[in-house]
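Peer 1: Before I ask anything, here is the structure I am working with.
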Amino acid sequence: MTHRTVAEVMTREVATASPEASLKTVAWSLAYNDVSALPVVDTHHHPIGIVSEADLPEAEGRDQLRGTAAVNHRTMDARTAADLMSTPVLTARPSWGIVETARFLSERGVKRLPVIDDTGTLVGIVSRSDLLRPMLRRDDAIHEEIVDEVLGRTLRMTPGGVTVTVQEGVVTLSGTVEERSTIPVIERLCLSVDGVVSVDRSLGYAVDDLPPDPDHVPDDGKP
C-alpha cells in the first residue's frame with residue numbers, strides 16, 4: 001500500500017529568510033516565490049521562526065507585494081525578519097503520516113509547517129493544501145490499490161471473493177470471506193489507503209474463528 005508521508009508531499013525547495021533580512025527583502029521574497037510565509041533560518045539552516053504576509057505592516061507589505069512605486073522609497077533596514085517572525089517555530093518530520101500531520105496543523109491552528117531532519121536542518125515545508133492532495137485521488141486509483149494491494153498482495157485473498165466499489169472516496173465491500181476475523185482487518189487496511197473517506201461493509205464469513213463474547217445475549221434471551 002502507498003500510505004503517504006510528509007516527505008512525499010512536502011515542498012523541498014523552500015524560500016527562507018535570514019534573521020537579519022530587511023522588511024523589504026522579506027516582502028519581495030514572498031512575492032517573487034509566490035508564497036504567504038517564509039521560515040527564518042540561522043546559519044546552520046535551522047528554522048528559528050516564521051514570517052508571513054500578515055506580519056508585514058500595511059505600507060511596507062501590501063504596497064511591495066503589489067509592486068507599486070512606493071517600494072522604491074522604502075528603506076532597506078526599517079525592520080528585520082527577526083523583528084517580525086513568530087516563535088517558537090512548530091516543525092514536522094519527513095516520516096510523519098499525512099493524517100497525523102493534518103491533525104497537528106488543525107490542533108495548533110497553523111497553515112504550514114517547516115520540515116526538519118534529525119539534525120534540526122530544514123529539508124522542506126508542508127502546507128494544508130499539500131496534505132489534502134492525496135485525498136483528491138480518483139476513485140479508480142483507490143479501487144485498484146484496494147483490490148491489488150490490500151486484498152491481493154497483503155491478504156492474499158482469492159480474486160472475486162470480495163467485491164469492491166468506490167464512489168467519491170466511500171468504499172463499499174460485499175461478498176464472503178473464509179474467516180470472520182478477517183473482516184475487521186480488511187476494513188482497517190482499506191481505511192489506511194489514501195483518499196478513502198469511509199468504509200461500508202456487508203461481508204459474510206464461512207468460519208467463525210473469533211472467541212465468544214461473554215457479554216453477548218443469545219437471540220432467544222436465554223443465558
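Within each chain, counting starts at residue 1; across the C-alpha cells, chains are named A, B, ... in the order shown, with ligands numbered 1 upward in that order.
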Give me every alpha helix (DSSP H) residue in stretch 89-209 of chain A, going by DSSP on the backbone, as a PyMOL selection string.

Peer 2: chain A and resi 98-108+128-132+139-145+182-191

Peer 1: How would the residues just picked look written out with N, CA, C and O atoms as a tab-separated table (two decimals), in the first residue's frame?

Peer 2:
chain	number	residue	atom	x	y	z
A	98	ILE	N	0.45	11.74	6.72
A	98	ILE	CA	-0.28	12.96	6.37
A	98	ILE	C	-1.48	13.17	7.29
A	98	ILE	O	-1.88	14.32	7.54
A	99	VAL	N	-2.07	12.09	7.80
A	99	VAL	CA	-3.24	12.24	8.67
A	99	VAL	C	-2.83	12.88	9.99
A	99	VAL	O	-3.46	13.83	10.46
A	100	GLU	N	-1.78	12.35	10.62
A	100	GLU	CA	-1.35	12.90	11.90
A	100	GLU	C	-0.84	14.34	11.73
A	100	GLU	O	-1.02	15.18	12.62
A	101	THR	N	-0.24	14.63	10.60
A	101	THR	CA	0.26	15.98	10.35
A	101	THR	C	-0.89	16.96	10.16
A	101	THR	O	-0.86	18.08	10.67
A	102	ALA	N	-1.91	16.53	9.43
A	102	ALA	CA	-3.10	17.38	9.25
A	102	ALA	C	-3.76	17.65	10.59
A	102	ALA	O	-4.20	18.78	10.87
A	103	ARG	N	-3.81	16.65	11.44
A	103	ARG	CA	-4.40	16.81	12.77
A	103	ARG	C	-3.57	17.79	13.60
A	103	ARG	O	-4.11	18.64	14.32
A	104	PHE	N	-2.25	17.68	13.49
A	104	PHE	CA	-1.34	18.58	14.22
A	104	PHE	C	-1.55	20.03	13.78
A	104	PHE	O	-1.61	20.94	14.61
A	105	LEU	N	-1.66	20.25	12.47
A	105	LEU	CA	-1.91	21.59	11.95
A	105	LEU	C	-3.21	22.15	12.50
A	105	LEU	O	-3.29	23.31	12.91
A	106	SER	N	-4.25	21.32	12.49
A	106	SER	CA	-5.56	21.77	12.95
A	106	SER	C	-5.55	22.10	14.44
A	106	SER	O	-6.09	23.12	14.86
A	107	GLU	N	-4.91	21.24	15.23
A	107	GLU	CA	-4.87	21.45	16.68
A	107	GLU	C	-4.08	22.70	17.04
A	107	GLU	O	-4.42	23.40	18.00
A	108	ARG	N	-3.02	23.00	16.27
A	108	ARG	CA	-2.17	24.16	16.58
A	108	ARG	C	-2.67	25.44	15.89
A	108	ARG	O	-2.15	26.52	16.17
A	128	ARG	N	-1.35	22.89	4.36
A	128	ARG	CA	-2.63	22.19	4.36
A	128	ARG	C	-2.98	21.67	2.97
A	128	ARG	O	-3.48	20.55	2.82
A	129	SER	N	-2.72	22.47	1.95
A	129	SER	CA	-3.05	22.04	0.59
A	129	SER	C	-2.22	20.82	0.17
A	129	SER	O	-2.71	19.94	-0.55
A	130	ASP	N	-0.96	20.74	0.63
A	130	ASP	CA	-0.13	19.57	0.34
A	130	ASP	C	-0.75	18.31	0.94
A	130	ASP	O	-0.75	17.24	0.32
A	131	LEU	N	-1.26	18.44	2.16
A	131	LEU	CA	-1.82	17.29	2.86
A	131	LEU	C	-3.16	16.86	2.28
A	131	LEU	O	-3.54	15.69	2.37
A	132	LEU	N	-3.87	17.79	1.66
A	132	LEU	CA	-5.15	17.46	1.05
A	132	LEU	C	-5.00	16.75	-0.29
A	132	LEU	O	-5.91	16.03	-0.73
A	139	ASP	N	-11.36	7.76	-7.80
A	139	ASP	CA	-11.97	6.53	-7.27
A	139	ASP	C	-11.34	5.29	-7.89
A	139	ASP	O	-11.15	4.27	-7.20
A	140	ASP	N	-11.02	5.34	-9.18
A	140	ASP	CA	-10.47	4.15	-9.82
A	140	ASP	C	-9.07	3.82	-9.29
A	140	ASP	O	-8.69	2.64	-9.21
A	141	ALA	N	-8.31	4.85	-8.88
A	141	ALA	CA	-6.99	4.60	-8.30
A	141	ALA	C	-7.13	3.96	-6.92
A	141	ALA	O	-6.36	3.06	-6.55
A	142	ILE	N	-8.11	4.42	-6.14
A	142	ILE	CA	-8.37	3.83	-4.82
A	142	ILE	C	-8.81	2.38	-4.98
A	142	ILE	O	-8.34	1.47	-4.27
A	143	HIS	N	-9.73	2.14	-5.93
A	143	HIS	CA	-10.23	0.79	-6.19
A	143	HIS	C	-9.08	-0.15	-6.56
A	143	HIS	O	-8.97	-1.28	-6.04
A	144	GLU	N	-8.21	0.32	-7.43
A	144	GLU	CA	-7.09	-0.52	-7.88
A	144	GLU	C	-6.17	-0.87	-6.72
A	144	GLU	O	-5.71	-2.02	-6.61
A	145	GLU	N	-5.89	0.09	-5.85
A	145	GLU	CA	-4.99	-0.18	-4.73
A	145	GLU	C	-5.61	-1.17	-3.75
A	145	GLU	O	-4.92	-2.07	-3.24
A	182	THR	N	-11.09	-11.97	9.62
A	182	THR	CA	-10.51	-11.22	8.51
A	182	THR	C	-11.24	-9.91	8.25
A	182	THR	O	-10.66	-8.94	7.76
A	183	ILE	N	-12.52	-9.86	8.60
A	183	ILE	CA	-13.36	-8.71	8.24
A	183	ILE	C	-12.83	-7.39	8.83
A	183	ILE	O	-12.65	-6.42	8.09
A	184	PRO	N	-12.58	-7.31	10.16
A	184	PRO	CA	-12.05	-6.04	10.68
A	184	PRO	C	-10.67	-5.68	10.14
A	184	PRO	O	-10.32	-4.51	10.05
A	185	VAL	N	-9.89	-6.70	9.76
A	185	VAL	CA	-8.57	-6.44	9.19
A	185	VAL	C	-8.72	-5.77	7.83
A	185	VAL	O	-8.03	-4.79	7.52
A	186	ILE	N	-9.63	-6.30	7.01
A	186	ILE	CA	-9.87	-5.70	5.70
A	186	ILE	C	-10.32	-4.25	5.85
A	186	ILE	O	-9.83	-3.36	5.15
A	187	GLU	N	-11.24	-4.01	6.76
A	187	GLU	CA	-11.75	-2.65	6.97
A	187	GLU	C	-10.64	-1.70	7.39
A	187	GLU	O	-10.52	-0.59	6.88
A	188	ARG	N	-9.81	-2.15	8.33
A	188	ARG	CA	-8.72	-1.29	8.82
A	188	ARG	C	-7.72	-0.98	7.72
A	188	ARG	O	-7.26	0.17	7.59
A	189	LEU	N	-7.39	-1.97	6.91
A	189	LEU	CA	-6.44	-1.74	5.83
A	189	LEU	C	-7.02	-0.82	4.76
A	189	LEU	O	-6.31	0.02	4.20
A	190	CYS	N	-8.30	-0.97	4.47
A	190	CYS	CA	-8.93	-0.07	3.49
A	190	CYS	C	-8.93	1.36	3.99
A	190	CYS	O	-8.71	2.30	3.21
A	191	LEU	N	-9.18	1.56	5.27
A	191	LEU	CA	-9.18	2.90	5.83
A	191	LEU	C	-7.79	3.54	5.79
A	191	LEU	O	-7.68	4.77	5.82

Peer 1: Contacts of stretch 33-39 of chain A at 9 Å or less, counting only C-alpha atoms, minus same-chain residues fewer than 6 places along, as a list in words?

Peer 2: Val14, Ala15, Thr16, Ala17, Ser18, Val26, Pro47, Ile48, Gly49, Ile50, Val51, Ser52, Glu53, Ala54, Met85, Val89, Arg112, Leu113, Pro114, Leu122 and Ile125 of chain A

Peer 1: What does the file look like for those residues with N, CA and C atoms, as a compact mmCIF listing (two decimals), in the first residue's frame?

Peer 2:
# COMPACT_ATOMS: atom_id res chain seq x y z
N VAL A 14 12.68 25.33 -0.55
CA VAL A 14 12.00 26.26 0.36
C VAL A 14 12.66 27.63 0.33
N ALA A 15 11.86 28.66 0.08
CA ALA A 15 12.35 30.03 0.20
C ALA A 15 12.43 30.37 1.67
N THR A 16 13.55 30.94 2.09
CA THR A 16 13.76 31.26 3.50
C THR A 16 14.25 32.69 3.66
N ALA A 17 14.31 33.14 4.90
CA ALA A 17 14.85 34.46 5.23
C ALA A 17 15.84 34.30 6.37
N SER A 18 16.84 35.14 6.37
CA SER A 18 17.76 35.16 7.50
C SER A 18 17.19 36.09 8.56
N VAL A 26 12.11 40.69 2.78
CA VAL A 26 11.09 39.68 3.10
C VAL A 26 9.88 39.82 2.19
N PRO A 47 15.44 26.17 11.32
CA PRO A 47 14.36 27.15 11.43
C PRO A 47 14.22 27.68 12.85
N ILE A 48 14.14 29.01 12.96
CA ILE A 48 14.01 29.63 14.28
C ILE A 48 12.74 30.48 14.38
N GLY A 49 12.00 30.56 13.29
CA GLY A 49 10.76 31.35 13.30
C GLY A 49 10.08 31.31 11.95
N ILE A 50 8.92 31.95 11.87
CA ILE A 50 8.16 32.08 10.63
C ILE A 50 7.74 33.53 10.47
N VAL A 51 7.90 34.09 9.27
CA VAL A 51 7.40 35.43 8.99
C VAL A 51 6.44 35.32 7.82
N SER A 52 5.26 35.94 7.94
CA SER A 52 4.22 35.80 6.93
C SER A 52 3.75 37.16 6.44
N GLU A 53 2.91 37.13 5.40
CA GLU A 53 2.32 38.36 4.88
C GLU A 53 1.60 39.12 5.97
N ALA A 54 0.92 38.38 6.84
CA ALA A 54 0.13 39.02 7.90
C ALA A 54 1.01 39.80 8.87
N MET A 85 9.14 37.82 12.96
CA MET A 85 8.83 36.39 12.94
C MET A 85 8.08 35.93 14.18
N VAL A 89 8.97 28.15 16.62
CA VAL A 89 8.51 27.61 15.36
C VAL A 89 8.12 26.14 15.53
N ARG A 112 0.92 25.89 7.89
CA ARG A 112 2.06 25.22 7.28
C ARG A 112 3.08 24.88 8.36
N LEU A 113 3.95 23.94 8.05
CA LEU A 113 5.00 23.54 8.99
C LEU A 113 6.32 23.35 8.25
N PRO A 114 7.39 23.99 8.72
CA PRO A 114 8.71 23.63 8.21
C PRO A 114 9.00 22.17 8.58
N LEU A 122 16.46 22.33 8.09
CA LEU A 122 15.27 22.47 7.25
C LEU A 122 15.44 21.66 5.96
N ILE A 125 8.93 22.12 3.44
CA ILE A 125 7.81 22.77 4.12
C ILE A 125 6.54 22.11 3.62

Peer 1: Please provide as a list in words all residues within 9 Å of A:Thr25, with the sequence filter that same-chain residues fewer than 3 positions apart are discarded (counting only C-alpha atoms).

Peer 2: Ala17, Ala21, Ser22, Trp28, Ser29, Leu30, Met76, Thr80 and Ala81 of chain A

Peer 1: Name the residues of stretch 36-200 of chain A that fall into strand (DSSP E or B) according to DSSP on the backbone, using the chain letters and numbers of this document, as a ChimeraX atom specification.

Peer 2: /A:37-41,47-52,80,86,92,97,112-116,122-127,162-167,170-179,198-200

Peer 1: Need the shell around A:Leu210: protein/DNA/RNA residues with any atom at most 12 Å away, counting only C-alpha atoms. Skip same-chain ones fewer than 3 positions apart. Format as number ranges by chain?

Peer 2: A: 179-184, 205, 207, 213-214

Peer 1: Skip A:Thr176 itself and residues of its chain fewer than 2 positions away, then list as a list in words all residues within 10 Å of it, counting only C-alpha atoms.

Peer 2: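 Selected residues are Gly160, Gly161, Val162, Thr163, Leu173, Ser174, Glu178, Glu179, Arg180, Ile183, Ser202, Leu203, Gly204, Tyr205 and Ala206 of chain A.
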
Peer 1: Using only C-alpha atoms, which residue out of A:Asp117, A:Asp83, A:Asp194, A:Glu8 lies closest to A:His45?

Peer 2: A:Asp117

Peer 1: So how many Å separate atom CA of A:Thr11 and atom CA of A:Gly124, to one decimal?

Peer 2: 5.4 Å

Peer 1: What does the distance between atom CA of A:Met157 and atom CA of A:Gly169 come to in Å, to one decimal place?

Peer 2: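 Distance between the two atoms: 22.5 Å.
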
Peer 1: Quote the spacing between atom CA of A:Pro94 and atom CA of A:Ala31 in Å to one decimal place.

Peer 2: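 Answer for the atom CA of A:Pro94 to atom CA of A:Ala31 separation: 26.7 Å.
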
Peer 1: Smallest atom-to-atom distance to A:Ala92: which of A:Thr172, A:Pro57, A:Val6, A:Arg153, using only C-alpha atoms?

Peer 2: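 That would be A:Val6, the residue with the smallest distance to A:Ala92.
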
Peer 1: Just checking: using only C-alpha atoms, which residue out of A:Asp200, A:Glu20, A:Glu13, A:Asp208 ends up closest to A:Thr43?

Peer 2: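 Nearest candidate to A:Thr43 out of A:Asp200, A:Glu20, A:Glu13, A:Asp208: A:Glu20.
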